[in-house]
>>> print(open('model_9.csv').read())   # CSV, C-alpha atoms and all ligand atoms
chain,number,residue,atom,x,y,z
A,1,MET,CA,-66.9,51.7,-101.9
A,2,ALA,CA,-70.6,52.6,-101.2
A,3,THR,CA,-70.4,53.6,-97.6
A,4,ARG,CA,-67.2,53.7,-95.6
A,5,ARG,CA,-67.2,53.0,-91.9
A,6,ILE,CA,-65.4,55.6,-89.8
A,7,CYS,CA,-64.7,56.1,-86.2
A,8,ILE,CA,-64.8,59.5,-84.3
A,9,TYR,CA,-62.9,60.4,-81.2
A,10,GLY,CA,-63.9,63.3,-78.8
A,11,ILE,CA,-66.3,65.0,-81.3
A,12,GLU,CA,-69.9,65.6,-80.5
A,13,ASP,CA,-70.8,67.7,-83.6
A,14,THR,CA,-73.7,66.0,-85.4
A,15,VAL,CA,-72.3,67.3,-88.8
A,16,VAL,CA,-69.8,64.4,-88.6
A,17,LYS,CA,-72.7,61.9,-88.8
A,18,GLN,CA,-74.0,63.4,-92.0
A,19,LEU,CA,-71.1,63.0,-94.4
A,20,ASP,CA,-72.2,61.5,-97.7
A,21,GLY,CA,-70.7,58.1,-98.4
A,22,PHE,CA,-69.5,57.7,-94.8
A,23,ASP,CA,-71.1,55.9,-91.9
A,24,VAL,CA,-70.0,56.6,-88.3
A,25,ALA,CA,-69.6,53.1,-87.0
A,26,VAL,CA,-68.4,54.1,-83.6
A,27,SER,CA,-68.3,57.4,-81.6
A,28,THR,CA,-65.7,57.3,-78.8
A,29,SER,CA,-64.8,59.6,-76.0
A,30,THR,CA,-62.2,57.6,-74.1
A,31,ARG,CA,-58.9,56.0,-75.1
A,32,GLU,CA,-60.1,52.7,-73.9
A,33,GLU,CA,-63.2,52.8,-76.1
A,34,LEU,CA,-61.1,53.9,-79.0
A,35,ARG,CA,-58.7,51.1,-78.7
A,36,THR,CA,-61.5,48.5,-78.5
A,37,SER,CA,-63.2,50.0,-81.5
A,38,ILE,CA,-60.1,50.1,-83.7
A,39,GLY,CA,-59.4,46.5,-82.7
A,40,ALA,CA,-62.9,45.2,-83.3
A,41,GLU,CA,-64.5,47.3,-86.0
A,42,ASP,CA,-63.8,47.3,-89.7
A,43,ILE,CA,-63.1,51.0,-90.1
A,44,CYS,CA,-61.1,52.9,-92.7
A,45,ALA,CA,-60.8,56.3,-91.1
A,46,LEU,CA,-60.6,58.2,-87.8
A,47,ILE,CA,-61.8,61.8,-87.2
A,48,LEU,CA,-60.5,63.1,-84.0
A,49,ASP,CA,-60.6,66.3,-82.0
A,50,LEU,CA,-57.1,67.7,-82.3
A,51,ASP,CA,-57.6,70.1,-79.4
A,52,VAL,CA,-57.8,67.4,-76.7
A,53,HIS,CA,-54.6,67.1,-74.7
A,54,ASP,CA,-53.8,63.5,-75.8
A,55,ALA,CA,-54.6,64.0,-79.5
A,56,ILE,CA,-51.0,63.3,-80.7
A,57,ASP,CA,-50.8,60.1,-78.6
A,58,VAL,CA,-54.2,59.0,-80.0
A,59,ILE,CA,-52.9,59.4,-83.6
A,60,ILE,CA,-49.7,57.4,-82.9
A,61,GLU,CA,-51.5,54.7,-81.0
A,62,SER,CA,-54.3,54.4,-83.6
A,63,LEU,CA,-51.7,54.0,-86.5
A,64,GLU,CA,-49.8,51.5,-84.5
A,65,MET,CA,-52.9,49.4,-84.3
A,66,LYS,CA,-54.1,49.9,-87.9
A,67,SER,CA,-51.4,51.4,-90.1
A,68,HIS,CA,-53.8,52.0,-93.0
A,69,LEU,CA,-56.2,54.2,-91.1
A,70,ALA,CA,-56.9,57.6,-92.7
A,71,ILE,CA,-56.8,60.2,-90.0
A,72,VAL,CA,-58.4,63.7,-90.0
A,73,GLY,CA,-57.9,66.2,-87.2
A,74,VAL,CA,-60.5,68.7,-86.4
A,75,THR,CA,-59.3,71.9,-84.7
A,76,GLY,CA,-60.5,75.3,-83.6
A,77,SER,CA,-57.0,76.5,-82.8
A,78,SER,CA,-54.5,78.2,-85.0
A,79,ASP,CA,-51.5,76.6,-83.2
A,80,VAL,CA,-49.2,75.8,-86.1
A,81,ASN,CA,-46.9,73.7,-83.9
A,82,ARG,CA,-49.8,71.5,-83.0
A,83,ILE,CA,-50.6,70.9,-86.6
A,84,ILE,CA,-47.0,70.1,-87.4
A,85,GLN,CA,-46.9,67.6,-84.5
A,86,ALA,CA,-50.1,66.0,-85.7
A,87,GLN,CA,-48.9,65.8,-89.3
A,88,ARG,CA,-45.6,64.2,-88.2
A,89,ALA,CA,-47.6,61.7,-86.1
A,90,GLY,CA,-49.5,60.6,-89.2
A,91,CYS,CA,-52.6,62.8,-89.4
A,92,LYS,CA,-53.0,63.4,-93.1
A,93,GLN,CA,-55.8,66.0,-93.3
A,94,PHE,CA,-57.3,68.7,-91.2
A,95,ALA,CA,-60.7,70.5,-90.9
A,96,SER,CA,-61.4,73.6,-88.9
A,97,ARG,CA,-64.2,74.4,-86.4
A,98,PRO,CA,-67.0,75.2,-86.9
A,99,ILE,CA,-67.1,72.1,-88.9
A,100,ASP,CA,-68.3,72.5,-92.5
A,101,ARG,CA,-69.8,69.3,-94.0
A,102,MET,CA,-68.2,69.7,-97.4
A,103,ASP,CA,-64.8,70.7,-96.0
A,104,LEU,CA,-64.7,67.6,-93.7
A,105,THR,CA,-65.8,65.3,-96.6
A,106,THR,CA,-63.0,66.7,-98.8
A,107,ALA,CA,-60.5,66.2,-96.0
A,108,LEU,CA,-61.7,62.7,-95.3
A,109,THR,CA,-61.6,61.7,-99.0
A,110,GLY,CA,-58.1,63.2,-99.4
A,111,ALA,CA,-56.9,61.3,-96.3
A,112,LEU,CA,-58.3,58.0,-97.7
A,113,GLN,CA,-56.5,58.5,-101.0
A,114,ASP,CA,-53.2,59.0,-99.3
A,115,ALA,CA,-53.6,56.2,-96.8
A,116,PRO,CA,-51.7,53.0,-97.7
A,117,ALA,CA,-53.8,50.0,-98.9
A,118,PRO,CA,-54.7,47.7,-96.0
A,119,ALA,CA,-52.3,44.8,-95.7
A,120,VAL,CA,-53.9,41.6,-96.8
A,121,ALA,CA,-52.3,38.2,-96.4
A,122,SER,CA,-51.0,37.2,-99.8
A,123,ASP,CA,-50.9,33.7,-101.3
A,124,VAL,CA,-48.5,34.7,-104.1
A,125,ASP,CA,-45.8,37.1,-105.1
A,126,SER,CA,-47.9,39.0,-107.6
A,127,ARG,CA,-46.9,41.3,-110.4
A,128,THR,CA,-49.1,44.0,-111.9
A,129,ILE,CA,-48.7,45.1,-115.5
A,130,ALA,CA,-50.6,48.1,-116.8
A,131,VAL,CA,-51.1,48.8,-120.5
A,132,ILE,CA,-51.8,52.2,-122.0
A,133,GLY,CA,-52.0,53.4,-125.6
A,134,SER,CA,-49.9,56.4,-126.8
A,135,MET,CA,-52.8,57.2,-129.2
A,136,GLY,CA,-56.4,56.1,-129.6
A,137,GLY,CA,-56.7,52.6,-131.1
A,138,ALA,CA,-53.0,51.9,-130.6
A,139,GLY,CA,-53.8,48.3,-129.5
A,140,ALA,CA,-53.7,48.6,-125.7
A,141,THR,CA,-56.8,46.4,-125.2
A,142,THR,CA,-55.6,43.8,-127.8
A,143,LEU,CA,-52.2,43.6,-126.1
A,144,SER,CA,-53.8,43.4,-122.6
A,145,CYS,CA,-56.0,40.5,-123.7
A,146,TYR,CA,-53.3,38.4,-125.5
A,147,LEU,CA,-50.7,39.3,-122.8
A,148,SER,CA,-53.1,38.0,-120.1
A,149,MET,CA,-53.5,34.7,-122.1
A,150,ALA,CA,-49.7,34.3,-122.5
A,151,LEU,CA,-49.1,35.0,-118.8
A,152,ALA,CA,-51.9,32.6,-117.9
A,153,GLU,CA,-50.2,29.9,-120.0
A,154,ARG,CA,-47.2,30.3,-117.8
A,155,ALA,CA,-48.8,30.8,-114.4
A,156,LYS,CA,-52.1,29.0,-114.9
A,157,THR,CA,-54.1,32.1,-113.9
A,158,THR,CA,-54.0,35.8,-114.7
A,159,ALA,CA,-56.4,38.6,-113.7
A,160,LEU,CA,-57.4,41.1,-116.4
A,161,ILE,CA,-59.1,44.2,-115.1
A,162,ASP,CA,-60.8,46.6,-117.5
A,163,VAL,CA,-59.9,50.0,-116.1
A,164,ASP,CA,-61.3,51.8,-119.1
A,165,PHE,CA,-64.5,52.2,-117.1
A,166,GLU,CA,-66.3,54.3,-119.7
A,167,PHE,CA,-65.4,52.6,-123.1
A,168,GLY,CA,-63.6,49.4,-122.1
A,169,MET,CA,-63.9,46.5,-124.6
A,170,VAL,CA,-62.2,43.7,-122.7
A,171,ALA,CA,-65.4,41.7,-122.1
A,172,LYS,CA,-66.5,42.3,-125.7
A,173,SER,CA,-63.2,41.0,-127.0
A,174,TRP,CA,-64.2,37.6,-125.6
A,175,ASP,CA,-67.9,37.9,-126.4
A,176,LEU,CA,-68.7,37.9,-122.7
A,177,SER,CA,-72.0,39.3,-121.4
A,178,PRO,CA,-71.1,40.0,-117.7
A,179,ARG,CA,-73.9,39.7,-115.1
A,180,HIS,CA,-71.8,41.7,-112.7
A,181,THR,CA,-69.0,44.2,-113.0
A,182,ILE,CA,-66.4,46.2,-111.0
A,183,HIS,CA,-69.2,48.6,-110.2
A,184,ASP,CA,-71.0,46.0,-108.2
A,185,LEU,CA,-67.9,45.4,-106.2
A,186,CYS,CA,-68.0,49.0,-105.2
A,187,GLN,CA,-71.4,48.5,-103.5
A,188,PHE,CA,-69.9,46.3,-100.8
A,189,ASP,CA,-69.0,48.0,-97.5
A,190,VAL,CA,-66.3,45.4,-97.0
A,191,LEU,CA,-64.7,43.5,-99.8
A,192,ASP,CA,-63.4,40.0,-99.6
A,193,ARG,CA,-62.0,37.4,-102.0
A,194,GLN,CA,-65.4,35.6,-102.4
A,195,ASN,CA,-67.1,38.9,-103.6
A,196,VAL,CA,-64.4,39.4,-106.2
A,197,GLU,CA,-64.4,35.9,-107.4
A,198,ASP,CA,-68.2,36.0,-107.8
A,199,VAL,CA,-67.9,39.0,-110.2
A,200,MET,CA,-64.8,37.9,-112.2
A,201,ILE,CA,-65.4,35.7,-115.2
A,202,GLU,CA,-63.0,32.9,-115.5
A,203,LEU,CA,-62.1,31.8,-119.1
A,204,PRO,CA,-60.9,28.4,-120.2
A,205,SER,CA,-57.5,30.0,-120.9
A,206,GLY,CA,-57.0,30.7,-117.2
A,207,VAL,CA,-57.7,34.5,-117.6
A,208,SER,CA,-60.2,35.9,-115.1
A,209,VAL,CA,-61.8,39.1,-116.3
A,210,LEU,CA,-63.1,41.9,-114.1
A,211,PRO,CA,-65.4,43.8,-116.5
A,212,ARG,CA,-66.0,47.5,-116.7
A,213,PRO,CA,-69.3,48.9,-115.5
A,214,ALA,CA,-72.4,48.1,-117.5
A,215,ARG,CA,-73.7,51.7,-117.7
A,216,ILE,CA,-71.4,54.6,-118.6
A,217,GLN,CA,-72.8,56.7,-115.7
A,218,GLU,CA,-71.5,54.1,-113.3
A,219,ALA,CA,-67.9,54.7,-114.3
A,220,GLN,CA,-67.7,57.9,-112.2
A,221,GLU,CA,-68.8,56.1,-109.1
A,222,ILE,CA,-65.5,54.1,-109.0
A,223,ASP,CA,-62.8,56.2,-107.4
A,224,GLU,CA,-59.1,55.6,-107.0
A,225,ALA,CA,-59.5,54.3,-103.4
A,226,ALA,CA,-61.8,51.6,-104.6
A,227,LEU,CA,-59.5,50.7,-107.5
A,228,LYS,CA,-56.6,50.5,-105.1
A,229,GLU,CA,-58.5,48.2,-102.8
A,230,ILE,CA,-59.7,45.9,-105.6
A,231,VAL,CA,-56.3,45.6,-107.3
A,232,GLY,CA,-54.6,45.1,-103.9
A,233,LEU,CA,-57.0,42.3,-103.0
A,234,ILE,CA,-56.9,40.6,-106.4
A,235,SER,CA,-53.1,40.6,-106.3
A,236,THR,CA,-53.2,38.5,-103.2
A,237,TRP,CA,-54.0,35.4,-105.1
A,238,PHE,CA,-53.3,36.1,-108.8
A,239,PRO,CA,-49.6,35.9,-109.8
A,240,PHE,CA,-50.2,38.4,-112.6
A,241,VAL,CA,-52.7,41.2,-112.7
A,242,VAL,CA,-53.1,43.0,-116.1
A,243,LEU,CA,-54.7,46.5,-116.1
A,244,ASP,CA,-56.1,47.7,-119.4
A,245,LEU,CA,-56.0,51.5,-119.0
A,246,PRO,CA,-57.9,54.2,-120.8
A,247,ARG,CA,-55.9,56.7,-122.7
A,248,ARG,CA,-56.7,59.4,-120.1
A,249,LEU,CA,-54.5,60.7,-117.4
A,250,ASP,CA,-56.9,61.2,-114.5
A,251,ALA,CA,-56.7,60.3,-110.8
A,252,ARG,CA,-57.7,56.7,-111.5
A,253,THR,CA,-55.2,56.1,-114.2
A,254,GLY,CA,-52.6,57.8,-112.0
A,255,CYS,CA,-53.5,55.4,-109.2
A,256,ALA,CA,-53.3,52.4,-111.5
A,257,ILE,CA,-49.8,53.5,-112.7
A,258,GLU,CA,-48.7,53.9,-109.1
A,259,LEU,CA,-49.9,50.3,-108.4
A,260,CYS,CA,-48.2,48.6,-111.3
A,261,ASP,CA,-44.7,47.0,-111.5
A,262,LYS,CA,-44.6,47.6,-115.2
A,263,LEU,CA,-46.4,50.0,-117.5
A,264,ILE,CA,-46.4,49.1,-121.1
A,265,ILE,CA,-46.9,52.0,-123.5
A,266,VAL,CA,-48.4,50.8,-126.8
A,267,CYS,CA,-47.4,52.9,-129.8
A,268,GLN,CA,-47.7,52.6,-133.6
A,269,GLN,CA,-45.1,53.3,-136.1
A,270,THR,CA,-46.4,56.7,-136.9
A,271,VAL,CA,-45.2,60.2,-136.2
A,272,ALA,CA,-48.1,60.9,-133.9
A,273,GLY,CA,-47.5,57.5,-132.1
A,274,VAL,CA,-43.9,58.4,-131.4
A,275,ILE,CA,-44.6,62.0,-130.5
A,276,ASN,CA,-47.3,61.0,-128.0
A,277,ALA,CA,-45.3,58.1,-126.6
A,278,GLY,CA,-42.5,60.7,-125.9
A,279,ARG,CA,-44.9,63.2,-124.4
A,280,LEU,CA,-46.5,60.5,-122.2
A,281,THR,CA,-43.0,59.2,-121.1
A,282,ASP,CA,-41.8,62.8,-120.3
A,283,GLY,CA,-44.9,63.3,-118.1
A,284,LEU,CA,-44.6,60.0,-116.3
A,285,LEU,CA,-40.9,60.6,-115.6
A,286,GLU,CA,-41.7,64.0,-114.2
A,287,PHE,CA,-44.5,62.4,-112.1
A,288,GLY,CA,-41.8,60.1,-110.5
A,289,VAL,CA,-42.2,56.9,-112.6
A,290,SER,CA,-38.8,55.4,-113.4
A,291,LEU,CA,-37.8,54.4,-117.0
A,292,ASP,CA,-37.2,50.9,-115.6
A,293,GLN,CA,-40.9,50.7,-114.8
A,294,ILE,CA,-41.9,51.6,-118.4
A,295,GLU,CA,-41.7,49.3,-121.5
A,296,PHE,CA,-42.6,50.2,-125.1
A,297,VAL,CA,-44.4,48.0,-127.6
A,298,ILE,CA,-44.8,48.9,-131.3
A,299,ASN,CA,-48.1,47.5,-132.4
A,300,ARG,CA,-49.2,46.9,-136.0
A,301,TYR,CA,-45.6,46.9,-137.1
A,302,ASN,CA,-45.2,46.9,-140.8
A,303,THR,CA,-42.2,48.4,-142.6
A,304,LYS,CA,-43.9,48.3,-146.0
A,305,ILE,CA,-46.6,50.7,-144.8
A,306,HIS,CA,-44.8,52.9,-142.3
A,307,SER,CA,-41.5,54.6,-142.5
A,308,VAL,CA,-41.1,55.5,-138.8
A,309,THR,CA,-38.6,53.1,-137.3
A,310,GLU,CA,-38.1,51.5,-133.8
A,311,GLU,CA,-34.8,53.4,-133.6
A,312,GLN,CA,-36.7,56.7,-133.9
A,313,LEU,CA,-38.9,55.6,-131.0
A,314,GLU,CA,-35.9,54.5,-129.0
A,315,LYS,CA,-34.2,57.8,-129.6
A,316,ARG,CA,-37.2,59.7,-128.4
A,317,VAL,CA,-37.9,57.7,-125.3
A,318,ASN,CA,-34.4,56.5,-124.5
A,319,LYS,CA,-35.4,52.8,-124.4
A,320,LYS,CA,-35.6,50.0,-126.8
A,321,PRO,CA,-39.1,48.6,-127.3
A,322,ILE,CA,-39.6,45.3,-125.6
A,323,GLY,CA,-41.5,44.0,-128.6
A,324,LEU,CA,-42.8,44.6,-132.1
A,325,VAL,CA,-46.2,43.2,-132.8
A,326,PRO,CA,-47.0,42.7,-136.5
A,327,ASN,CA,-50.0,44.2,-138.3
A,328,HIS,CA,-52.4,41.4,-139.0
A,329,TYR,CA,-55.6,43.3,-139.5
A,330,LYS,CA,-57.7,40.5,-141.1
A,331,SER,CA,-57.2,37.9,-138.4
A,332,VAL,CA,-57.1,40.3,-135.4
A,333,GLY,CA,-60.1,42.3,-136.5
A,334,ALA,CA,-62.2,39.3,-137.4
A,335,ALA,CA,-61.3,37.6,-134.1
A,336,SER,CA,-62.2,40.7,-132.1
A,337,ASP,CA,-65.5,41.0,-133.9
A,338,LEU,CA,-66.3,37.4,-133.2
A,339,GLY,CA,-65.1,37.6,-129.6
A,340,GLU,CA,-62.6,34.8,-130.1
A,341,PRO,CA,-58.9,34.8,-129.8
A,342,VAL,CA,-56.7,34.4,-132.9
A,343,ALA,CA,-55.0,31.0,-133.2
A,344,THR,CA,-51.9,30.3,-131.1
A,345,ARG,CA,-49.6,30.3,-134.1
A,346,ASN,CA,-50.9,33.7,-135.3
A,347,PRO,CA,-47.9,36.0,-135.6
A,348,VAL,CA,-49.6,38.7,-133.4
A,349,ARG,CA,-50.2,36.2,-130.7
A,350,LYS,CA,-46.6,34.8,-131.0
A,351,ALA,CA,-45.1,38.3,-130.8
A,352,ILE,CA,-47.2,39.0,-127.6
A,353,SER,CA,-46.1,35.7,-126.1
A,354,GLU,CA,-42.5,36.7,-126.6
A,355,ILE,CA,-43.3,40.0,-124.9
A,356,ALA,CA,-44.7,38.0,-122.0
A,357,ALA,CA,-41.5,35.9,-121.9
A,358,ALA,CA,-39.4,39.1,-121.9
A,359,LEU,CA,-41.5,40.6,-119.1
A,360,VAL,CA,-41.3,37.7,-116.8
A,361,GLY,CA,-37.8,37.0,-117.5
A,362,ASP,CA,-37.1,33.9,-119.6
A,363,GLY,CA,-34.4,34.9,-122.0
A,364,SER,CA,-34.7,38.7,-121.8
A,365,PRO,CA,-31.9,40.9,-120.4
A,366,GLY,CA,-32.5,41.9,-116.8
A,367,SER,CA,-34.7,38.9,-116.4
A,368,GLY,CA,-37.0,38.4,-113.4
A,369,SER,CA,-36.4,34.7,-113.3
A,370,ARG,CA,-35.8,34.6,-109.5
A,371,TRP,CA,-39.3,35.9,-109.2
A,372,MET,CA,-40.7,33.3,-111.6
A,373,ALA,CA,-38.9,30.7,-109.6
A,374,SER,CA,-40.5,31.9,-106.5
A,375,LEU,CA,-43.8,31.1,-108.1
A,376,GLY,CA,-42.6,27.6,-108.9
A,377,ILE,CA,-43.1,28.1,-112.6
A,378,GLY,CA,-39.7,28.1,-114.0
A,379,GLY,CA,-37.8,31.0,-115.3
B,401,LIG,N1,-51.5,43.9,-134.4
B,401,LIG,C1,-52.6,44.2,-134.9
B,401,LIG,N2,-52.9,44.0,-136.2
B,401,LIG,C2,-54.1,44.3,-136.7
B,401,LIG,N3,-55.1,44.9,-136.1
B,401,LIG,C3,-54.9,45.2,-134.8
B,401,LIG,C4,-53.7,44.9,-134.1
B,401,LIG,N4,-53.8,45.3,-132.8
B,401,LIG,C5,-55.0,45.9,-132.7
B,401,LIG,N5,-55.6,45.8,-133.9
B,401,LIG,C6,-57.0,46.4,-134.1
B,401,LIG,O1,-56.9,47.8,-133.9
B,401,LIG,C7,-58.1,48.2,-133.3
B,401,LIG,C8,-57.8,49.0,-132.0
B,401,LIG,O2,-57.2,48.1,-131.1
B,401,LIG,P1,-57.5,48.1,-129.6
B,401,LIG,O3,-58.9,48.3,-129.3
B,401,LIG,O4,-56.7,47.1,-128.9
B,401,LIG,O5,-56.8,49.6,-129.3
B,401,LIG,P2,-56.8,50.5,-127.9
B,401,LIG,O6,-55.5,51.1,-127.9
B,401,LIG,O7,-57.3,49.6,-126.8
B,401,LIG,O8,-58.0,51.5,-128.3
B,401,LIG,P3,-58.8,52.5,-127.4
B,401,LIG,O9,-58.0,53.8,-127.5
B,401,LIG,O10,-60.1,52.6,-128.1
B,401,LIG,O11,-58.8,51.9,-126.0
B,401,LIG,C9,-59.0,47.0,-133.1
B,401,LIG,O12,-59.9,46.9,-134.2
B,401,LIG,C10,-58.0,45.8,-133.2
B,401,LIG,O13,-58.6,44.7,-133.6
B,402,MG,MG,-58.7,50.0,-125.3
>>> encode(input="model_9.csv", output="structure tokens", more="lines below")
Ligand SMILES: Nc1ncnc2c1ncn2[C@@H]1O[C@H](COP(=O)(O)OP(=O)(O)OP(=O)(O)O)[C@@H](O)[C@H]1O
Ligand SMILES: [Mg+2]
Amino acid sequence: MATRRICIYGIEDTVVKQLDGFDVAVSTSTREELRTSIGAEDICALILDLDVHDAIDVIIESLEMKSHLAIVGVTGSSDVNRIIQAQRAGCKQFASRPIDRMDLTTALTGALQDAPAPAVASDVDSRTIAVIGSMGGAGATTLSCYLSMALAERAKTTALIDVDFEFGMVAKSWDLSPRHTIHDLCQFDVLDRQNVEDVMIELPSGVSVLPRPARIQEAQEIDEAALKEIVGLISTWFPFVVLDLPRRLDARTGCAIELCDKLIIVCQQTVAGVINAGRLTDGLLEFGVSLDQIEFVINRYNTKIHSVTEEQLEKRVNKKPIGLVPNHYKSVGAASDLGEPVATRNPVRKAISEIAAALVGDGSPGSGSRWMASLGIGG
């Protein structure tokens, strides 16, 4: 977000008031003032003097009041036990005295990244599905778009967020010329549903698109904390949130993968496709993602052209693909150039509808039908 509001406790140093991207909303010196400020102010972080006698109680009490607060302790002492106590109480990051502006900014940014997303009252039991290609042009955006339509057919609405902030093509796929983008959302100090709805573009299919930034330079201004907040907020009223990911494993993609219930890896029936799907899967498993969370789709499937089989992919990644999407270059390419979806009966669209059905649990093994029923949309 553009400027984040923070609170300080027991710190006089003016450096704290000069942190880029942060605004000291309140400066407190007593517990009473601090309690009132945490209760009344919309703040995301607390910087406190760790050397005051009640610092550990302050951390515990502040987190009891607002569990998502990011906490940074400032200390001039080298008492390791004190640091351990503070860490156990929930202080995520530390900075030493004399305070260095850059060092404190780094600590604050790190604490915010680790802090849980603020709890927002939710209208629905939402599910987030992220889509990534195992190779450039594998079909991740095509799958994200048609999957969103298929999910919207079931649940009436689906959010589609273009997380490929530099080169995303979601809006173009539907010939949209967005007036606002996800970058505009990052300019708000405090986000609410109305801000997000004003930026999303609702299509007749029930898909609401959150477009990538207009200018490529703006992409870098969206960090993972902002992405986490936006996805968290959107999933409070959309039953499905689809994230079209770039083929790049950076902090924002990592954050999106952590947020999703399912990650679909789109691969083609080529040696490179299978090798890279395997490499990506190995990396994700090492990163702590479970194989249950991952699904594989072979796109542009055509046994006349390619000799690599789905069994070879299965052998490499230890999982059967959830779907095979046929190669239909003429219709898909023309539709994408025109910014119109292919017809409902088109085999590509039909195959992706079946993937949607398998994902939400009608008919597929390990179905999530209970979850669909909880939405009141069958299963
Ligand atoms: N099943 C299909 N049959 C024929 N053409 C397809 C199919 N799926 C995708 N395409 C075409 O392949 C091209 C790449 O697709 P898409 O943009 O969805 O891939 P991507 O993985 O998102 O690419 P990028 O790596 O650039 O993000 C597009 O021209 C698209 O129209
Ligand atoms: Mg793409």
>>> residues_near_ligand(input="model_9.csv", ligand="ligand MG 402 (chain B)", cutoff="6 Å", atoms="only C-alpha atoms and all ligand atoms", output="compact mmCIF listing (two decimals) with C-alpha atoms, in the frame of the given file")
# COMPACT_ATOMS: atom_id res chain seq x y z
CA ALA A 140 -53.70 48.60 -125.70
CA THR A 141 -56.80 46.40 -125.20
CA GLY A 168 -63.60 49.40 -122.10
>>> atom_distance(input="model_9.csv", atom1="atom CA of Val209 of chain A", atom2="atom CA of Leu233 of chain A")
14.5 Å
>>> closest_residue(input="model_9.csv", among="A:Asp51, A:Ile230, A:Glu310, A:Met135", to="Ile275 of chain A", atoms="all atoms listed in the file")
A:Met135
>>> closest_residue(input="model_9.csv", among="A:Asp244, A:Asp261, A:Glu314, A:Asp103", to="ligand LIG 401 (chain B)", atoms="all atoms listed in the file")
A:Asp244
>>> atom_distance(input="model_9.csv", atom1="atom CA of Lys319 of chain A", atom2="atom CA of Asn299 of chain A")
15.9 Å
>>> residues_around(input="model_9.csv", residues="segment 152-167 of chain A", least_positions_apart="5", cutoff="6 Å", atoms="all atoms listed in the file", output="ChimeraX atom specification")
/A:206-212,216,219,238,240-246
>>> write_last_selection(input="model_9.csv", atoms="C-alpha atoms", output="mmCIF file, in the coordinates of the input")
data_model
loop_
_atom_site.group_PDB
_atom_site.id
_atom_site.type_symbol
_atom_site.label_atom_id
_atom_site.label_comp_id
_atom_site.auth_asym_id
_atom_site.auth_seq_id
_atom_site.Cartn_x
_atom_site.Cartn_y
_atom_site.Cartn_z
ATOM 1 C CA GLY A 206 -57.000 30.700 -117.200
ATOM 2 C CA VAL A 207 -57.700 34.500 -117.600
ATOM 3 C CA SER A 208 -60.200 35.900 -115.100
ATOM 4 C CA VAL A 209 -61.800 39.100 -116.300
ATOM 5 C CA LEU A 210 -63.100 41.900 -114.100
ATOM 6 C CA PRO A 211 -65.400 43.800 -116.500
ATOM 7 C CA ARG A 212 -66.000 47.500 -116.700
ATOM 8 C CA ILE A 216 -71.400 54.600 -118.600
ATOM 9 C CA ALA A 219 -67.900 54.700 -114.300
ATOM 10 C CA PHE A 238 -53.300 36.100 -108.800
ATOM 11 C CA PHE A 240 -50.200 38.400 -112.600
ATOM 12 C CA VAL A 241 -52.700 41.200 -112.700
ATOM 13 C CA VAL A 242 -53.100 43.000 -116.100
ATOM 14 C CA LEU A 243 -54.700 46.500 -116.100
ATOM 15 C CA ASP A 244 -56.100 47.700 -119.400
ATOM 16 C CA LEU A 245 -56.000 51.500 -119.000
ATOM 17 C CA PRO A 246 -57.900 54.200 -120.800
#
>>> atom_distance(input="model_9.csv", atom1="atom CA of Ile99 of chain A", atom2="atom CA of Ile47 of chain A")
11.7 Å
>>> closest_residue(input="model_9.csv", among="A:Ser290, A:Ser144, A:Gln269, A:Ser307", to="ligand LIG 401 (chain B)", atoms="only C-alpha atoms and all ligand atoms")
A:Ser144
>>> closest_residue(input="model_9.csv", among="A:Leu48, A:Ile352, A:Ile6, A:Leu227", to="ligand LIG 401 (chain B)", atoms="all atoms listed in the file")
A:Ile352
>>> residues_near_ligand(input="model_9.csv", ligand="ligand LIG 401 (chain B)", cutoff="9 Å", atoms="only C-alpha atoms and all ligand atoms", output="number ranges by chain")
A: 131-145, 164, 167-170, 173, 244-247, 266-267, 298-301, 325-337, 347-349
>>> closest_residue(input="model_9.csv", among="A:Gly254, A:Gly361, A:Gly273, A:Pro116", to="Gly232 of chain A", atoms="all atoms listed in the file")
A:Pro116
>>> residues_near_point(input="model_9.csv", point="(-39.2, 48.9, -124.3)", cutoff="8 Å", atoms="only C-alpha atoms", output="CSV table (one decimal) with C-alpha atoms, in the frame of the given file")
chain,number,residue,atom,x,y,z
A,264,ILE,CA,-46.4,49.1,-121.1
A,294,ILE,CA,-41.9,51.6,-118.4
A,295,GLU,CA,-41.7,49.3,-121.5
A,296,PHE,CA,-42.6,50.2,-125.1
A,297,VAL,CA,-44.4,48.0,-127.6
A,319,LYS,CA,-35.4,52.8,-124.4
A,320,LYS,CA,-35.6,50.0,-126.8
A,321,PRO,CA,-39.1,48.6,-127.3
A,322,ILE,CA,-39.6,45.3,-125.6
A,323,GLY,CA,-41.5,44.0,-128.6
